[in-house]
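These notes concern the structure reproduced below.
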Amino acid sequence: MKPSSSKKSTSTAVDLMALAECVEKFSTKTVVLLGDFVADEFQYGEILRVSREAPVLILKHRETNLVPGGGANAANNVATLGARVLPVTAVGDDAAGEALIAHFRRKQVDVTGVFSVKGWTTPTKTRFLAGWAHTIGQQVLRVDYEPKSPLPDAARKKLHQRLLANLRRADALAVSDYGFGVATPETVREAIGKRSSAMPVTLDARYGLHRYAKAGVNSATPNEAELEAEHRTSIGKNLDELARAGHATLSAMKLQALLVTRGRHGAALFERGNCLTHIPVHGSDQAVDVTGAGDTVLAAYTLALACGASPLEAAHIANIAGGLVVMKRGTATVSREELLEAIRGEASGATS
């Protein structure tokens with residue numbers, strides 16, 4: 001790896017074998033995942049013809065696939081990476097909610113913290129993919145189903161109680177806020193404030209990152225678009241603007257580290273002391289599908305910190321995991337074995 005420039009001279013160099021040893025420890029860790037469970041539904045169909053009623057494609061339905069999305073995808077990634085995950089969340093008493101609970105039961109994940117709320121709607125993103133019989137389907141439409149009302153106070157109280165109980169046996173807390181009301185700065189602040197010992201508290205917030213400024217979060221993993229929205233700016237190729245926005249967020253939120261994912265441009269890690277490290281993208285810069293990649297980054301980054309990795313080491317592990325998952329179609333996960341193979345492959349390439 002080549003060192004890259006930054007506000008303060010830093011290097012991307014890390015001990016790759018140390019990263020592998022860290023990943024091997026994932027199975028010894030427990031992560032509490034507080035966040036919005038989302039159902040990612042994929043409707044696959046074959047193109048029959050163009051409708052005579054309107055200039056739209058007619059699809060012959062072939063299959064439906066529902067997988068964990070949002071915070072559920074982050075929890076799914078934690079489990080697939082070999083760790084124990086304790087999700088704390090709410091779903092609706094509907095088919096999508098039942099499907100998510102059933103998925104995690106099959107993976108032997110403790111779902112006692114997943115509360116089914118009567119009258120509420122499980123956030124669901126339904127994607128319609130069209131293609132011919134022997135081609136890869138392309139997304140032609142997405143329909144979102146969202147809760148029409150906030151979580152009831154009774155459900156929120158249950159979530160808070162379960163969060164406190166689960167944190168007693170956890171090595172880290174990951175917060176996945178997709179804006180549906182399960183995760184709030186107040187809930188995180190109250191829960192962290194009642195702990196007697198410190199732990200990594202990571203955050204992936206789709207909206208309003210800075211709302212968590214006084215919640216006890218010590219690391220965050222926004223993508224570049226989310227950082228731009230927070231500062232009402234455009235970054236693009238302007239690395240000075242990236243540095244300005246990143247350091248401003250790090251300071252405003254009093255974080256130990258801020259990991260900004262930048263798609264084909266890799267990632268940028270901000271740390272205290274005016275440090276900025278640019279990490280090149282892992283693997284190909286031509287992603288197949290970026291759906292849910294941020295959830296994978298949150299899971300891998302949190303687990304690495306829980307294992308005692310430095311923010312730079314954790315960022316490298318998360319960057320590699322993210323590089324692997326964007327080469328898969330749909331909402332996907334990365335296994336511990338895949339991650340280890342990629343790290344060891346990079347290590348052998350560096351020494352050859």
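Residues in the structure tokens are numbered from 1 in each chain, the chains being A, B, ... in the order shown, and ligands are numbered from 1 in the order shown.
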
Inset, instruction - Enumerate as a PyMOL selection string all residues of region 127-226 of chain A assigned to strand (DSSP E or B) by DSSP on the backbone, naming them with the chain letters and numbers the document uses. - result: chain A and resi 127-131+138-145+172-177+201-205+219-220+223

Let's have the selection written as an mmCIF file, in the first residue's frame, with N, CA and C atoms.
```
data_model
loop_
_atom_site.group_PDB
_atom_site.id
_atom_site.type_symbol
_atom_site.label_atom_id
_atom_site.label_comp_id
_atom_site.auth_asym_id
_atom_site.auth_seq_id
_atom_site.Cartn_x
_atom_site.Cartn_y
_atom_site.Cartn_z
ATOM 1 N N ARG A 127 -37.987 -3.914 -4.456
ATOM 2 C CA ARG A 127 -37.335 -3.613 -5.726
ATOM 3 C C ARG A 127 -37.809 -4.597 -6.788
ATOM 4 N N PHE A 128 -38.202 -4.072 -7.942
ATOM 5 C CA PHE A 128 -38.617 -4.907 -9.067
ATOM 6 C C PHE A 128 -37.473 -4.971 -10.062
ATOM 7 N N LEU A 129 -37.038 -6.205 -10.353
ATOM 8 C CA LEU A 129 -35.916 -6.406 -11.264
ATOM 9 C C LEU A 129 -36.396 -7.139 -12.511
ATOM 10 N N ALA A 130 -36.088 -6.563 -13.668
ATOM 11 C CA ALA A 130 -36.553 -7.119 -14.933
ATOM 12 C C ALA A 130 -35.390 -7.644 -15.752
ATOM 13 N N GLY A 131 -35.630 -8.733 -16.459
ATOM 14 C CA GLY A 131 -34.599 -9.282 -17.330
ATOM 15 C C GLY A 131 -35.182 -10.359 -18.212
ATOM 16 N N GLN A 138 -32.301 -6.176 -14.052
ATOM 17 C CA GLN A 138 -31.965 -4.795 -13.735
ATOM 18 C C GLN A 138 -33.134 -4.157 -12.991
ATOM 19 N N GLN A 139 -32.827 -3.341 -11.992
ATOM 20 C CA GLN A 139 -33.881 -2.714 -11.216
ATOM 21 C C GLN A 139 -34.617 -1.674 -12.057
ATOM 22 N N VAL A 140 -35.939 -1.791 -12.108
ATOM 23 C CA VAL A 140 -36.745 -0.850 -12.888
ATOM 24 C C VAL A 140 -37.666 -0.015 -12.011
ATOM 25 N N LEU A 141 -37.876 -0.447 -10.771
ATOM 26 C CA LEU A 141 -38.786 0.288 -9.885
ATOM 27 C C LEU A 141 -38.512 -0.107 -8.440
ATOM 28 N N ARG A 142 -38.656 0.857 -7.524
ATOM 29 C CA ARG A 142 -38.604 0.548 -6.102
ATOM 30 C C ARG A 142 -39.803 1.181 -5.424
ATOM 31 N N VAL A 143 -40.462 0.400 -4.577
ATOM 32 C CA VAL A 143 -41.606 0.886 -3.812
ATOM 33 C C VAL A 143 -41.281 0.738 -2.334
ATOM 34 N N ASP A 144 -41.409 1.829 -1.580
ATOM 35 C CA ASP A 144 -41.100 1.811 -0.145
ATOM 36 C C ASP A 144 -42.385 1.829 0.676
ATOM 37 N N TYR A 145 -42.410 0.973 1.701
ATOM 38 C CA TYR A 145 -43.508 0.942 2.664
ATOM 39 C C TYR A 145 -42.933 1.368 4.009
ATOM 40 N N ALA A 172 -19.493 -4.244 22.551
ATOM 41 C CA ALA A 172 -19.632 -3.024 21.754
ATOM 42 C C ALA A 172 -21.103 -2.783 21.456
ATOM 43 N N LEU A 173 -21.414 -1.528 21.168
ATOM 44 C CA LEU A 173 -22.756 -1.142 20.741
ATOM 45 C C LEU A 173 -22.655 -0.504 19.369
ATOM 46 N N ALA A 174 -23.421 -1.020 18.406
ATOM 47 C CA ALA A 174 -23.509 -0.432 17.073
ATOM 48 C C ALA A 174 -24.905 0.141 16.900
ATOM 49 N N VAL A 175 -24.977 1.378 16.446
ATOM 50 C CA VAL A 175 -26.256 2.062 16.261
ATOM 51 C C VAL A 175 -26.480 2.269 14.756
ATOM 52 N N SER A 176 -27.591 1.762 14.260
ATOM 53 C CA SER A 176 -27.923 1.883 12.843
ATOM 54 C C SER A 176 -29.238 2.647 12.715
ATOM 55 N N ASP A 177 -29.129 3.943 12.431
ATOM 56 C CA ASP A 177 -30.284 4.835 12.402
ATOM 57 C C ASP A 177 -30.666 5.156 10.961
ATOM 58 N N VAL A 201 -18.663 2.488 20.867
ATOM 59 C CA VAL A 201 -20.031 2.819 20.470
ATOM 60 C C VAL A 201 -19.941 3.444 19.088
ATOM 61 N N THR A 202 -20.428 2.738 18.091
ATOM 62 C CA THR A 202 -20.312 3.177 16.704
ATOM 63 C C THR A 202 -21.675 3.576 16.160
ATOM 64 N N LEU A 203 -21.655 4.419 15.147
ATOM 65 C CA LEU A 203 -22.904 4.969 14.615
ATOM 66 C C LEU A 203 -22.880 5.034 13.095
ATOM 67 N N ASP A 204 -23.976 4.571 12.494
ATOM 68 C CA ASP A 204 -24.231 4.782 11.073
ATOM 69 C C ASP A 204 -25.608 5.425 10.994
ATOM 70 N N ALA A 205 -25.665 6.719 10.711
ATOM 71 C CA ALA A 205 -26.935 7.453 10.687
ATOM 72 C C ALA A 205 -27.193 7.990 9.285
ATOM 73 N N SER A 219 -17.306 6.605 17.622
ATOM 74 C CA SER A 219 -16.903 6.441 16.226
ATOM 75 C C SER A 219 -18.150 6.451 15.347
ATOM 76 N N ALA A 220 -18.009 6.999 14.139
ATOM 77 C CA ALA A 220 -19.129 7.008 13.195
ATOM 78 C C ALA A 220 -18.628 6.614 11.814
ATOM 79 N N ASN A 223 -21.243 7.683 4.901
ATOM 80 C CA ASN A 223 -20.678 7.742 3.569
ATOM 81 C C ASN A 223 -20.501 9.210 3.179
#
```

Shell around Thr331 (chain A) at 7 Å using only C-alpha atoms, local window under 5 positions removed, as an mmCIF file with C-alpha atoms, in the first residue's frame:
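Contents of out07.cif, as written:
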```cif
data_model
loop_
_atom_site.group_PDB
_atom_site.id
_atom_site.type_symbol
_atom_site.label_atom_id
_atom_site.label_comp_id
_atom_site.auth_asym_id
_atom_site.auth_seq_id
_atom_site.Cartn_x
_atom_site.Cartn_y
_atom_site.Cartn_z
ATOM 1 C CA GLY A 69 -31.887 -4.617 5.184
ATOM 2 C CA THR A 291 -26.822 -1.838 -1.669
ATOM 3 C CA GLY A 292 -26.185 -2.246 2.057
#
```

Per residue of region 102-123 of chain A within 9 Å of region 76-84 of chain A, what are the shortest atom pair and its distance in Å to one decimal, counting only C-alpha atoms, with rows by chain and residue number, as JSON lines?
```
{"residue": "A:Phe104", "atom": "CA", "partner": "A:Asn76", "partner_atom": "CA", "distance": 7.8}
{"residue": "A:Lys107", "atom": "CA", "partner": "A:Ala79", "partner_atom": "CA", "distance": 7.8}
{"residue": "A:Val109", "atom": "CA", "partner": "A:Arg84", "partner_atom": "CA", "distance": 7.5}
{"residue": "A:Asp110", "atom": "CA", "partner": "A:Arg84", "partner_atom": "CA", "distance": 8.7}
```

So that each row is one residue of region 181-219 of chain A with an atom at most 10 Å from region 86-97 of chain A, can you give its shortest atom pair and the distance in Å to one decimal, using only C-alpha atoms, rows by chain and rising number, as JSON lines?
```
{"residue": "A:Gly181", "atom": "CA", "partner": "A:Ala90", "partner_atom": "CA", "distance": 9.4}
{"residue": "A:Val182", "atom": "CA", "partner": "A:Thr89", "partner_atom": "CA", "distance": 6.2}
{"residue": "A:Ala183", "atom": "CA", "partner": "A:Thr89", "partner_atom": "CA", "distance": 8.2}
```

Shell of 8 Å around Phe180 (chain A), only C-alpha atoms, local chain residues under 5 positions omitted, as an mmCIF file with C-alpha atoms, in the first residue's frame:
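The new file part-v3.cif reads:
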```
data_model
loop_
_atom_site.group_PDB
_atom_site.id
_atom_site.type_symbol
_atom_site.label_atom_id
_atom_site.label_comp_id
_atom_site.auth_asym_id
_atom_site.auth_seq_id
_atom_site.Cartn_x
_atom_site.Cartn_y
_atom_site.Cartn_z
ATOM 1 C CA ASP A 36 -34.071 0.167 12.349
ATOM 2 C CA PRO A 123 -40.090 -0.584 6.825
ATOM 3 C CA PRO A 147 -44.579 3.253 9.268
ATOM 4 C CA PRO A 150 -44.156 6.792 15.556
#
```

Inset, instruction - Mind checking which residues fall within 9 Å of Glu338 (chain A), counting only C-alpha atoms, ignoring those fewer than 5 positions away in the same chain, and posting them as a PyMOL selection string? - result: chain A and resi 321+324+343

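Put simply, CA of Pro152 (chain A) is 28.2 Å away from CA of Ala299 (chain A).
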
Inset, instruction - Could you tell me, as a PyMOL selection string, which residues of region 172-291 of chain A DSSP assigns to alpha helix (DSSP H) when given the backbone? - result: chain A and resi 185-193+224-231+239-253

Legend entry - Selected residue of minimal separation from Ala198 (chain A) among A:Leu33, A:Leu269, A:Ala306, A:Leu163, counting only C-alpha atoms: A:Ala306

Inset, instruction - Rounded to one decimal place, report the CA of Ala155 (chain A)-CA of Thr187 (chain A) distance in Å. - result: 12.8 Å

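Taking CA of Lys328 (chain A) as the reference point, CA of Glu21 (chain A) is found at 25.2 Å.
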
Legend entry - 12 Å contact set for Thr221 (chain A), only C-alpha atoms, chain neighbours under 2 positions out, as a ChimeraX atom specification: /A:174-177,201-206,209,217-219,223-227,246,249-250,255-262,267-270,293-302,311,314-315,318-319,322

Legend entry - Who sits within 8 Å of Ala72 (chain A), only C-alpha atoms, same chain under 2 positions skipped, as a PyMOL selection string: chain A and resi 35-39+68-70+74-76+100

Give me a file of those residues, with all heavy atoms, as a PDB file, in the first residue's frame.
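out_27.pdb was written with the following content:
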```pdb
ATOM      1  N   GLY A  35     -31.124  -0.463  16.237  1.00  0.00           N
ATOM      2  CA  GLY A  35     -31.377   0.224  14.976  1.00  0.00           C
ATOM      3  C   GLY A  35     -32.650  -0.206  14.291  1.00  0.00           C
ATOM      4  O   GLY A  35     -33.411  -1.046  14.773  1.00  0.00           O
ATOM      5  N   ASP A  36     -32.858   0.403  13.134  1.00  0.00           N
ATOM      6  CA  ASP A  36     -34.071   0.167  12.349  1.00  0.00           C
ATOM      7  C   ASP A  36     -33.919  -1.083  11.498  1.00  0.00           C
ATOM      8  O   ASP A  36     -33.061  -1.132  10.604  1.00  0.00           O
ATOM      9  CB  ASP A  36     -34.338   1.373  11.441  1.00  0.00           C
ATOM     10  CG  ASP A  36     -34.554   2.655  12.229  1.00  0.00           C
ATOM     11  OD1 ASP A  36     -35.507   2.693  13.021  1.00  0.00           O
ATOM     12  OD2 ASP A  36     -33.770   3.603  12.054  1.00  0.00           O
ATOM     13  N   PHE A  37     -34.742  -2.078  11.766  1.00  0.00           N
ATOM     14  CA  PHE A  37     -34.790  -3.261  10.916  1.00  0.00           C
ATOM     15  C   PHE A  37     -35.616  -2.924   9.680  1.00  0.00           C
ATOM     16  O   PHE A  37     -36.735  -2.419   9.774  1.00  0.00           O
ATOM     17  CB  PHE A  37     -35.426  -4.437  11.659  1.00  0.00           C
ATOM     18  CG  PHE A  37     -34.410  -5.346  12.322  1.00  0.00           C
ATOM     19  CD1 PHE A  37     -33.214  -4.848  12.781  1.00  0.00           C
ATOM     20  CD2 PHE A  37     -34.677  -6.700  12.496  1.00  0.00           C
ATOM     21  CE1 PHE A  37     -32.272  -5.682  13.389  1.00  0.00           C
ATOM     22  CE2 PHE A  37     -33.756  -7.537  13.097  1.00  0.00           C
ATOM     23  CZ  PHE A  37     -32.548  -7.039  13.549  1.00  0.00           C
ATOM     24  N   VAL A  38     -35.051  -3.201   8.519  1.00  0.00           N
ATOM     25  CA  VAL A  38     -35.711  -2.951   7.239  1.00  0.00           C
ATOM     26  C   VAL A  38     -35.760  -4.261   6.469  1.00  0.00           C
ATOM     27  O   VAL A  38     -34.805  -5.046   6.506  1.00  0.00           O
ATOM     28  CB  VAL A  38     -34.948  -1.887   6.422  1.00  0.00           C
ATOM     29  CG1 VAL A  38     -35.580  -1.677   5.054  1.00  0.00           C
ATOM     30  CG2 VAL A  38     -34.896  -0.559   7.192  1.00  0.00           C
ATOM     31  N   ALA A  39     -36.861  -4.515   5.785  1.00  0.00           N
ATOM     32  CA  ALA A  39     -36.968  -5.687   4.916  1.00  0.00           C
ATOM     33  C   ALA A  39     -36.634  -5.263   3.494  1.00  0.00           C
ATOM     34  O   ALA A  39     -37.266  -4.354   2.952  1.00  0.00           O
ATOM     35  CB  ALA A  39     -38.374  -6.272   4.985  1.00  0.00           C
ATOM     36  N   PRO A  68     -32.694  -9.361   5.059  1.00  0.00           N
ATOM     37  CA  PRO A  68     -32.537  -8.262   6.022  1.00  0.00           C
ATOM     38  C   PRO A  68     -31.891  -7.035   5.381  1.00  0.00           C
ATOM     39  O   PRO A  68     -30.895  -7.148   4.670  1.00  0.00           O
ATOM     40  CB  PRO A  68     -31.629  -8.855   7.103  1.00  0.00           C
ATOM     41  CG  PRO A  68     -31.778 -10.333   6.964  1.00  0.00           C
ATOM     42  CD  PRO A  68     -31.971 -10.569   5.506  1.00  0.00           C
ATOM     43  N   GLY A  69     -32.448  -5.871   5.667  1.00  0.00           N
ATOM     44  CA  GLY A  69     -31.887  -4.617   5.184  1.00  0.00           C
ATOM     45  C   GLY A  69     -31.730  -3.633   6.331  1.00  0.00           C
ATOM     46  O   GLY A  69     -32.210  -3.867   7.442  1.00  0.00           O
ATOM     47  N   GLY A  70     -31.067  -2.509   6.083  1.00  0.00           N
ATOM     48  CA  GLY A  70     -30.889  -1.499   7.118  1.00  0.00           C
ATOM     49  C   GLY A  70     -30.144  -2.065   8.319  1.00  0.00           C
ATOM     50  O   GLY A  70     -29.135  -2.769   8.192  1.00  0.00           O
ATOM     51  N   ALA A  74     -27.038  -4.929   9.007  1.00  0.00           N
ATOM     52  CA  ALA A  74     -25.854  -4.771   9.855  1.00  0.00           C
ATOM     53  C   ALA A  74     -25.762  -5.921  10.854  1.00  0.00           C
ATOM     54  O   ALA A  74     -24.694  -6.500  11.064  1.00  0.00           O
ATOM     55  CB  ALA A  74     -25.906  -3.428  10.583  1.00  0.00           C
ATOM     56  N   ALA A  75     -26.895  -6.266  11.473  1.00  0.00           N
ATOM     57  CA  ALA A  75     -26.924  -7.386  12.418  1.00  0.00           C
ATOM     58  C   ALA A  75     -26.586  -8.693  11.707  1.00  0.00           C
ATOM     59  O   ALA A  75     -25.851  -9.538  12.240  1.00  0.00           O
ATOM     60  CB  ALA A  75     -28.300  -7.481  13.069  1.00  0.00           C
ATOM     61  N   ASN A  76     -27.100  -8.858  10.502  1.00  0.00           N
ATOM     62  CA  ASN A  76     -26.832 -10.058   9.723  1.00  0.00           C
ATOM     63  C   ASN A  76     -25.346 -10.175   9.410  1.00  0.00           C
ATOM     64  O   ASN A  76     -24.767 -11.269   9.443  1.00  0.00           O
ATOM     65  CB  ASN A  76     -27.645 -10.003   8.422  1.00  0.00           C
ATOM     66  CG  ASN A  76     -27.873 -11.369   7.806  1.00  0.00           C
ATOM     67  OD1 ASN A  76     -27.903 -12.387   8.503  1.00  0.00           O
ATOM     68  ND2 ASN A  76     -28.042 -11.401   6.503  1.00  0.00           N
ATOM     69  N   LEU A 100     -38.340 -11.389   8.891  1.00  0.00           N
ATOM     70  CA  LEU A 100     -37.054 -10.986   9.466  1.00  0.00           C
ATOM     71  C   LEU A 100     -36.757 -11.768  10.743  1.00  0.00           C
ATOM     72  O   LEU A 100     -35.634 -12.244  10.945  1.00  0.00           O
ATOM     73  CB  LEU A 100     -37.061  -9.481   9.764  1.00  0.00           C
ATOM     74  CG  LEU A 100     -37.023  -8.543   8.548  1.00  0.00           C
ATOM     75  CD1 LEU A 100     -37.119  -7.087   8.992  1.00  0.00           C
ATOM     76  CD2 LEU A 100     -35.756  -8.757   7.720  1.00  0.00           C
TER      77      LEU A 100
END
```

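Using only C-alpha atoms for every distance, the candidate list A:Arg211, A:Arg162, A:Arg195, A:His61 yields A:Arg162 as the residue closest to Thr112 (chain A).
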
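Nearest to Glu24 (chain A) of all the residues A:Leu303, A:Leu312, A:Val334, A:Ile320 is A:Leu303, counting only C-alpha atoms.
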
Legend entry - Who sits within 6 Å of Ala191 (chain A), only C-alpha atoms, same chain under 3 positions skipped, as a PyMOL selection string: chain A and resi 164+188+194

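Of the residues listed (A:Gly179, A:Gly45, A:Gly283, A:Gly273), A:Gly283 shows the shortest atom-to-atom separation from Met327 (chain A); distances use only C-alpha atoms.
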